[in-house]
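Raw contents of my_file-v5.txt, compact mmCIF, C-alpha atoms and all ligand atoms:
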```
# COMPACT_ATOMS: atom_id res chain seq x y z
CA MET A 120 0.00 0.00 0.00
CA ILE A 121 1.37 3.36 -1.00
CA HIS A 122 0.59 6.14 1.42
CA ALA A 123 0.34 9.71 0.27
CA THR A 124 2.74 11.69 2.38
CA GLU A 125 3.77 15.29 2.21
CA THR A 126 7.31 14.35 1.27
CA ASP A 127 6.20 12.52 -1.87
CA ASN A 128 7.28 14.28 -5.01
CA PRO A 129 4.29 14.74 -7.32
CA ILE A 130 6.43 14.41 -10.44
CA ASN A 131 7.84 11.06 -9.37
CA ARG A 132 4.48 9.93 -8.20
CA ALA A 133 2.81 10.61 -11.54
CA VAL A 134 5.50 8.66 -13.38
CA GLU A 135 5.60 5.88 -10.81
CA ASN A 136 1.89 5.57 -10.56
CA PRO A 137 0.15 5.85 -13.91
CA LYS A 138 -2.83 4.15 -12.29
CA ALA A 139 -3.84 7.28 -10.40
CA PHE A 140 -7.18 8.55 -11.69
CA ILE A 141 -8.97 10.27 -8.79
CA ARG A 142 -8.54 14.04 -8.41
CA ASN A 143 -8.77 15.73 -5.03
CA ASP A 144 -12.27 17.09 -5.75
CA GLN A 145 -13.47 13.67 -6.88
CA TYR A 146 -11.99 12.09 -3.78
CA ASN A 147 -13.81 14.64 -1.61
CA PHE A 148 -17.02 13.83 -3.46
CA ILE A 149 -16.56 10.11 -2.82
CA LYS A 150 -15.72 10.79 0.83
CA ASP A 151 -18.91 12.82 1.15
CA GLN A 152 -20.95 9.95 -0.29
CA THR A 153 -19.46 7.51 2.24
CA LYS A 154 -20.54 9.92 5.01
CA ILE A 155 -24.09 9.97 3.60
CA LEU A 156 -24.12 6.17 3.62
CA VAL A 157 -22.85 5.88 7.19
CA VAL A 158 -25.39 8.42 8.42
CA GLY A 159 -28.12 6.69 6.39
CA GLN A 160 -27.29 3.41 8.05
CA THR A 161 -27.83 4.86 11.51
CA SER A 162 -31.00 6.79 10.68
CA ALA A 163 -32.86 4.55 8.23
CA THR A 164 -33.99 1.08 9.20
CA ASP A 165 -35.71 0.07 5.99
CA ALA A 166 -33.36 -2.24 4.06
CA GLU A 167 -34.82 -1.19 0.75
CA VAL A 168 -34.29 2.49 1.46
CA LEU A 169 -30.68 1.78 2.35
CA SER A 170 -30.17 -0.24 -0.79
CA VAL A 171 -31.51 2.62 -2.90
CA LEU A 172 -29.25 5.03 -1.03
CA ARG A 173 -26.20 2.90 -1.72
CA HIS A 174 -26.98 2.48 -5.40
CA LEU A 175 -27.62 6.19 -5.72
CA ALA A 176 -24.25 6.99 -4.12
CA HIS A 177 -22.56 4.52 -6.43
CA GLU A 178 -24.22 6.06 -9.49
CA LYS A 179 -23.32 9.61 -8.43
CA VAL A 180 -19.68 8.68 -7.90
CA PHE A 181 -19.44 7.01 -11.30
CA LYS A 182 -20.88 10.16 -12.88
CA GLN A 183 -17.93 12.16 -11.56
CA PHE A 184 -15.72 10.38 -14.06
CA PRO A 185 -16.25 10.86 -17.80
CA ILE A 186 -14.54 7.55 -18.51
CA LEU A 187 -13.87 4.61 -16.20
CA THR A 188 -12.01 1.46 -17.14
CA ASP A 189 -13.21 -1.87 -15.76
CA GLN A 190 -10.25 -1.82 -13.39
CA GLN A 191 -11.17 1.65 -12.11
CA LYS A 192 -14.80 0.58 -11.65
CA LYS A 193 -13.55 -2.34 -9.56
CA ILE A 194 -11.65 0.09 -7.33
CA LEU A 195 -14.75 2.24 -6.78
CA ASN A 196 -17.30 -0.58 -6.50
CA PRO A 197 -16.73 -1.33 -2.78
CA LEU A 198 -18.51 1.98 -2.05
CA ILE A 199 -21.78 0.09 -2.38
CA GLN A 200 -20.85 -2.04 0.66
CA VAL A 201 -20.12 0.90 2.96
CA LYS A 202 -22.28 0.70 6.07
CA GLU A 203 -20.21 1.50 9.11
CA LEU A 204 -17.63 4.21 9.63
CA SER A 205 -14.91 1.53 9.56
CA ASP A 206 -16.10 0.39 6.10
CA ALA A 207 -15.88 3.99 4.90
CA GLU A 208 -12.40 4.39 6.34
CA SER A 209 -10.99 1.22 4.82
CA PHE A 210 -12.62 1.99 1.46
CA LEU A 211 -11.13 5.50 1.45
CA GLU A 212 -7.75 4.09 2.49
CA GLN A 213 -7.82 1.77 -0.52
CA LEU A 214 -8.32 4.77 -2.80
CA GLN A 215 -5.17 6.58 -1.61
CA PRO A 216 -2.79 5.06 -4.18
CA TYR A 217 -5.09 6.22 -6.97
CA ILE A 218 -5.18 9.90 -6.12
CA VAL A 219 -3.77 12.26 -8.74
CA PRO A 220 -1.66 15.03 -7.22
CA PHE A 221 -2.00 18.68 -8.24
CA LYS A 222 0.33 19.65 -11.07
CA ALA A 223 3.94 19.84 -9.87
CA VAL A 224 4.59 23.53 -9.20
CA THR A 225 7.93 25.12 -8.43
CA ALA A 226 8.68 28.53 -6.94
CA ASP A 227 9.85 29.61 -10.43
CA ASN A 228 6.56 28.55 -11.99
CA VAL A 229 4.72 30.67 -9.45
CA LYS A 230 6.94 33.71 -10.09
CA LYS A 231 6.32 33.46 -13.84
CA LEU A 232 2.58 33.50 -13.23
CA PHE A 233 2.86 36.85 -11.45
CA PRO A 234 5.53 38.77 -13.40
CA LYS A 235 4.47 42.13 -11.96
CA ALA A 236 4.73 41.03 -8.35
CA LYS A 237 8.04 42.09 -6.89
CA LYS A 238 9.62 40.04 -4.11
CA LEU A 239 6.90 37.43 -4.26
CA LYS A 240 7.21 35.04 -1.34
CA GLY A 241 4.92 32.49 -2.94
CA PRO A 242 3.08 29.59 -1.34
CA LYS A 243 4.78 27.27 1.14
CA LEU A 244 5.20 24.49 -1.39
CA GLU A 245 7.15 22.30 1.00
CA ASN A 246 4.16 22.28 3.35
CA THR A 247 1.64 21.62 0.60
CA ASN A 248 0.11 18.21 0.26
CA PHE A 249 -0.37 18.06 -3.51
CA TYR A 250 -2.65 15.05 -3.18
CA LYS A 251 -5.12 17.15 -1.24
CA THR A 252 -4.90 20.15 -3.52
CA SER A 253 -7.22 21.45 -6.23
CA TYR A 254 -5.75 24.95 -6.15
CA LEU A 255 -3.03 26.87 -4.33
CA ALA A 256 -3.74 30.08 -2.45
CA TRP A 257 -1.74 32.22 -0.07
CA THR A 258 -1.61 35.76 1.24
CA GLU A 259 1.46 37.90 0.73
CA SER A 260 0.46 40.65 3.09
CA ALA A 261 -2.55 41.18 5.29
CA ASN A 262 -4.94 41.76 2.40
CA LEU A 263 -3.30 40.54 -0.79
CA MET A 264 -4.21 37.06 -1.95
CA TYR A 265 -2.76 34.95 -4.75
CA LEU A 266 -4.28 31.87 -6.30
CA VAL A 267 -2.91 29.29 -8.70
CA ALA A 268 -5.25 26.85 -10.43
CA ASP A 269 -4.85 24.30 -13.17
CA LEU A 270 -7.34 25.32 -15.82
CA THR A 271 -7.55 22.67 -18.56
CA ASP A 272 -3.97 21.62 -17.97
CA GLN A 273 -2.62 25.16 -17.85
CA LEU A 274 -1.52 26.92 -14.68
CA ILE A 275 -3.43 30.16 -14.13
CA GLY A 276 -2.54 32.82 -11.57
CA VAL A 277 -5.06 35.23 -10.07
CA GLN A 278 -4.33 37.98 -7.58
CA GLY A 279 -6.63 40.25 -5.68
CA SER A 280 -7.37 41.95 -2.43
CA PHE A 281 -8.76 39.85 0.38
CA THR A 282 -10.77 41.02 3.36
CA ARG A 283 -11.55 38.48 6.02
CA SER A 284 -15.18 38.39 7.03
CA THR A 285 -16.15 37.96 10.66
CA LYS A 286 -19.28 36.06 9.64
CA GLN A 287 -19.48 32.65 8.01
CA GLY A 288 -20.68 32.44 4.45
CA ILE A 289 -20.87 30.28 1.36
CA CYS A 290 -17.58 29.92 -0.49
CA THR A 291 -17.72 30.49 -4.27
CA ILE A 292 -15.12 27.79 -4.87
CA CYS A 293 -16.16 24.91 -2.61
CA ASN A 294 -19.83 25.91 -2.12
CA SER A 295 -19.59 25.08 1.59
CA HIS A 296 -20.64 27.09 4.60
CA SER A 297 -17.27 28.30 5.78
CA GLN A 298 -15.14 31.00 7.34
CA VAL A 299 -14.90 33.26 4.31
CA GLY A 300 -13.49 36.56 3.12
CA LEU A 301 -14.13 38.88 0.19
CA PHE A 302 -11.73 38.38 -2.69
CA ILE A 303 -11.76 41.30 -5.14
CA ALA A 304 -9.90 41.25 -8.42
CA LYS A 305 -9.94 43.11 -11.70
CA THR A 306 -11.61 41.57 -14.67
CA LYS A 307 -11.96 42.75 -18.24
CA THR A 308 -15.42 42.62 -19.73
CA SER A 309 -15.47 41.05 -23.16
CA GLY A 310 -14.99 43.45 -26.04
CA SER A 311 -14.12 46.29 -23.70
CA GLU A 312 -10.83 47.76 -22.59
CA GLN A 313 -12.31 48.71 -19.29
CA PHE A 314 -11.52 46.81 -16.14
CA ILE A 315 -14.20 46.16 -13.61
CA LYS A 316 -13.64 44.88 -10.13
CA ARG A 317 -15.43 41.75 -9.14
CA GLY A 318 -15.81 40.37 -5.66
CA ASN A 319 -16.41 36.81 -4.50
CA TYR A 320 -16.59 35.29 -1.05
CA ILE A 321 -14.11 32.46 -0.74
CA CYS A 322 -12.68 30.41 2.14
CA GLN A 323 -10.08 32.16 4.29
CA ASP A 324 -8.15 28.93 4.62
CA ALA A 325 -7.24 27.30 1.29
CA GLU A 326 -6.43 24.02 3.02
CA VAL A 327 -9.95 23.86 4.43
CA CYS A 328 -11.36 24.82 1.03
CA ASN A 329 -9.33 22.14 -0.75
CA GLY A 330 -10.80 19.60 1.66
CA GLN A 331 -14.31 20.72 0.73
CA VAL A 332 -14.06 21.11 -3.05
CA LYS A 333 -16.27 18.44 -4.60
CA THR A 334 -16.21 19.62 -8.20
CA LEU A 335 -13.82 21.71 -10.27
CA ASP A 336 -16.66 23.50 -12.08
CA ARG A 337 -16.95 26.32 -9.56
CA LEU A 338 -13.20 26.73 -9.23
CA ASN A 339 -12.83 26.89 -13.02
CA ASP A 340 -15.64 29.46 -13.29
CA PHE A 341 -14.12 31.49 -10.48
CA VAL A 342 -10.65 31.55 -12.04
CA GLY A 343 -12.07 31.88 -15.56
CA GLN A 344 -13.83 35.17 -14.83
CA PHE A 345 -10.47 36.87 -14.26
CA GLN A 346 -8.94 35.70 -17.54
CA LYS A 347 -8.84 38.23 -20.35
ZN ZN B 401 -14.03 27.15 0.00
```

Final structure tokens representation of the file:
Amino acid sequence: MIHATETDNPINRAVENPKAFIRNDQYNFIKDQTKILVVGQTSATDAEVLSVLRHLAHEKVFKQFPILTDQQKKILNPLIQVKELSDAESFLEQLQPYIVPFKAVTADNVKKLFPKAKKLKGPKLENTNFYKTSYLAWTESANLMYLVADLTDQLIGVQGSFTRSTKQGICTICNSHSQVGLFIAKTKTSGSEQFIKRGNYICQDAEVCNGQVKTLDRLNDFVGQFQK
């Protein structure tokens, strides 16, 4: 069993493990479905209801993947047997070797994404678990936030001002109720030379957000709106 550790190098891992096929967001989605099944088991007593619930979870998980080989289906199939928390844990443990890390990013890559930023400190890459990452985000000063996402296999950098909110709210990226802040960045409206500022509430803590992202659609839309 290969365990995903923080010291693993994503580049080596991708070469060593061509079998990896589950992205962080897809893994979070699967994890969420196992939670639903475990809760369902404790609250519903009707066997038929539980069976429907399990098949539904199975179907939803399969839909997260445009293509699945027979081998990959076999890896995901045990979801249907998840009843207890321990079943969920061992199932999720078995998925670990198949998780695709975030694109290998170096400090130089990050600097190139933000050519105008002088003395960019960048994210703490050595502390980043790439297997639990859908996007990178960090603050340079109290209210300046930088994000790096992988938009259709291309690294995209977005920078903006960030004001922490004292109230909880819904994050634009992970769609969860979370400790958020207002991220404001410039965006160009199509066909116009004029910049407009656009604000979105997003999680204050990118690590928390990355643990809650269950689809890349919102992240891609969020990042996409700032592309010219
Ligand atoms: Zn979030």

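The list of residues with at least one atom within 10 Å of region 217-219 of chain A, based on all atoms listed in the file and without residues fewer than 2 positions apart in the same chain, reads Ile121, Ala123, Pro129, Arg132, Ala133, Asn136, Pro137, Lys138, Ala139, Phe140, Ile141, Arg142, Asn143, Gln145, Tyr146, Gln191, Ile194, Gln213, Leu214, Gln215, Phe221, Lys222, Phe249, Tyr250, Lys251 and Thr252 of chain A.
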
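Listed by chain and then residue number, the contacts of ligand ZN 401 (chain B) are Cys290, Ile292, Cys293, Ile321, Cys322 and Cys328 of chain A (distance at most 6 Å, using only C-alpha atoms and all ligand atoms).
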
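Among the candidates A:Val342, A:Asn248, A:Thr334, A:Ile315, the one nearest to Phe184 (chain A) when counting all atoms listed in the file is A:Thr334.
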
Using all atoms listed in the file - which residues lie no farther than 6 Å from the point (-13.6, 34.5, 7.2) in the file's frame? Write them as a ChimeraX atom specification.
/A:283-285,298-300,323

For the selection you just gave me, I'd like the residues written to a file as an mmCIF file, keeping the file's coordinate frame, keeping C-alpha atoms.
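Wrote part_25.cif, looks like this:
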```
data_model
loop_
_atom_site.group_PDB
_atom_site.id
_atom_site.type_symbol
_atom_site.label_atom_id
_atom_site.label_comp_id
_atom_site.auth_asym_id
_atom_site.auth_seq_id
_atom_site.Cartn_x
_atom_site.Cartn_y
_atom_site.Cartn_z
ATOM 1 C CA ARG A 283 -11.550 38.480 6.020
ATOM 2 C CA SER A 284 -15.180 38.390 7.030
ATOM 3 C CA THR A 285 -16.150 37.960 10.660
ATOM 4 C CA GLN A 298 -15.140 31.000 7.340
ATOM 5 C CA VAL A 299 -14.900 33.260 4.310
ATOM 6 C CA GLY A 300 -13.490 36.560 3.120
ATOM 7 C CA GLN A 323 -10.080 32.160 4.290
#
```

By how many Å are CA of His177 (chain A) and CA of Pro197 (chain A) apart?
9.0 Å

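Checking A:Lys230, A:Arg337, A:Lys238, A:Lys316 one by one against Thr291 (chain A), counting all atoms listed in the file, you find the shortest gap at A:Arg337.
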
As a short mmCIF file (atom, residue, chain, number, x, y, z; two decimals), in the coordinates of the input, could you write out region 167-192 of chain A once it has been completed with N, CA and C atoms?
```cif
data_model
loop_
_atom_site.label_atom_id
_atom_site.label_comp_id
_atom_site.auth_asym_id
_atom_site.auth_seq_id
_atom_site.Cartn_x
_atom_site.Cartn_y
_atom_site.Cartn_z
N GLU A 167 -34.65 -1.61 2.15
CA GLU A 167 -34.82 -1.19 0.75
C GLU A 167 -34.36 0.25 0.55
N VAL A 168 -34.71 1.08 1.51
CA VAL A 168 -34.29 2.49 1.46
C VAL A 168 -32.77 2.57 1.43
N LEU A 169 -32.14 1.77 2.28
CA LEU A 169 -30.68 1.78 2.35
C LEU A 169 -30.05 1.28 1.06
N SER A 170 -30.68 0.29 0.47
CA SER A 170 -30.17 -0.24 -0.79
C SER A 170 -30.24 0.81 -1.88
N VAL A 171 -31.35 1.54 -1.93
CA VAL A 171 -31.51 2.62 -2.90
C VAL A 171 -30.44 3.69 -2.67
N LEU A 172 -30.24 4.02 -1.41
CA LEU A 172 -29.25 5.03 -1.03
C LEU A 172 -27.85 4.64 -1.51
N ARG A 173 -27.53 3.39 -1.32
CA ARG A 173 -26.20 2.90 -1.72
C ARG A 173 -26.03 2.91 -3.23
N HIS A 174 -27.07 2.48 -3.94
CA HIS A 174 -26.98 2.48 -5.40
C HIS A 174 -26.91 3.89 -5.98
N LEU A 175 -27.62 4.78 -5.31
CA LEU A 175 -27.62 6.19 -5.72
C LEU A 175 -26.22 6.79 -5.55
N ALA A 176 -25.60 6.50 -4.41
CA ALA A 176 -24.25 6.99 -4.12
C ALA A 176 -23.27 6.46 -5.16
N HIS A 177 -23.40 5.19 -5.45
CA HIS A 177 -22.56 4.52 -6.43
C HIS A 177 -22.69 5.20 -7.80
N GLU A 178 -23.94 5.44 -8.19
CA GLU A 178 -24.22 6.06 -9.49
C GLU A 178 -23.63 7.47 -9.56
N LYS A 179 -23.83 8.23 -8.48
CA LYS A 179 -23.32 9.61 -8.43
C LYS A 179 -21.80 9.64 -8.55
N VAL A 180 -21.15 8.72 -7.85
CA VAL A 180 -19.68 8.68 -7.90
C VAL A 180 -19.20 8.35 -9.31
N PHE A 181 -19.83 7.38 -9.94
CA PHE A 181 -19.44 7.01 -11.30
C PHE A 181 -19.60 8.19 -12.26
N LYS A 182 -20.62 9.00 -12.00
CA LYS A 182 -20.88 10.16 -12.88
C LYS A 182 -19.80 11.23 -12.77
N GLN A 183 -19.00 11.17 -11.72
CA GLN A 183 -17.93 12.16 -11.56
C GLN A 183 -16.79 11.93 -12.54
N PHE A 184 -16.80 10.74 -13.15
CA PHE A 184 -15.72 10.38 -14.06
C PHE A 184 -16.27 10.21 -15.47
N PRO A 185 -15.75 10.99 -16.43
CA PRO A 185 -16.25 10.86 -17.80
C PRO A 185 -16.02 9.45 -18.37
N ILE A 186 -14.86 8.90 -18.03
CA ILE A 186 -14.54 7.55 -18.51
C ILE A 186 -13.99 6.75 -17.32
N LEU A 187 -14.43 5.50 -17.22
CA LEU A 187 -13.87 4.61 -16.20
C LEU A 187 -13.56 3.27 -16.86
N THR A 188 -12.35 2.78 -16.64
CA THR A 188 -12.01 1.46 -17.14
C THR A 188 -12.62 0.43 -16.19
N ASP A 189 -12.66 -0.82 -16.62
CA ASP A 189 -13.21 -1.87 -15.76
C ASP A 189 -12.42 -1.95 -14.45
N GLN A 190 -11.11 -1.77 -14.57
CA GLN A 190 -10.25 -1.82 -13.39
C GLN A 190 -10.60 -0.69 -12.41
N GLN A 191 -10.82 0.50 -12.95
CA GLN A 191 -11.17 1.65 -12.11
C GLN A 191 -12.54 1.45 -11.46
N LYS A 192 -13.46 0.87 -12.21
CA LYS A 192 -14.80 0.58 -11.65
C LYS A 192 -14.67 -0.38 -10.47
#
```
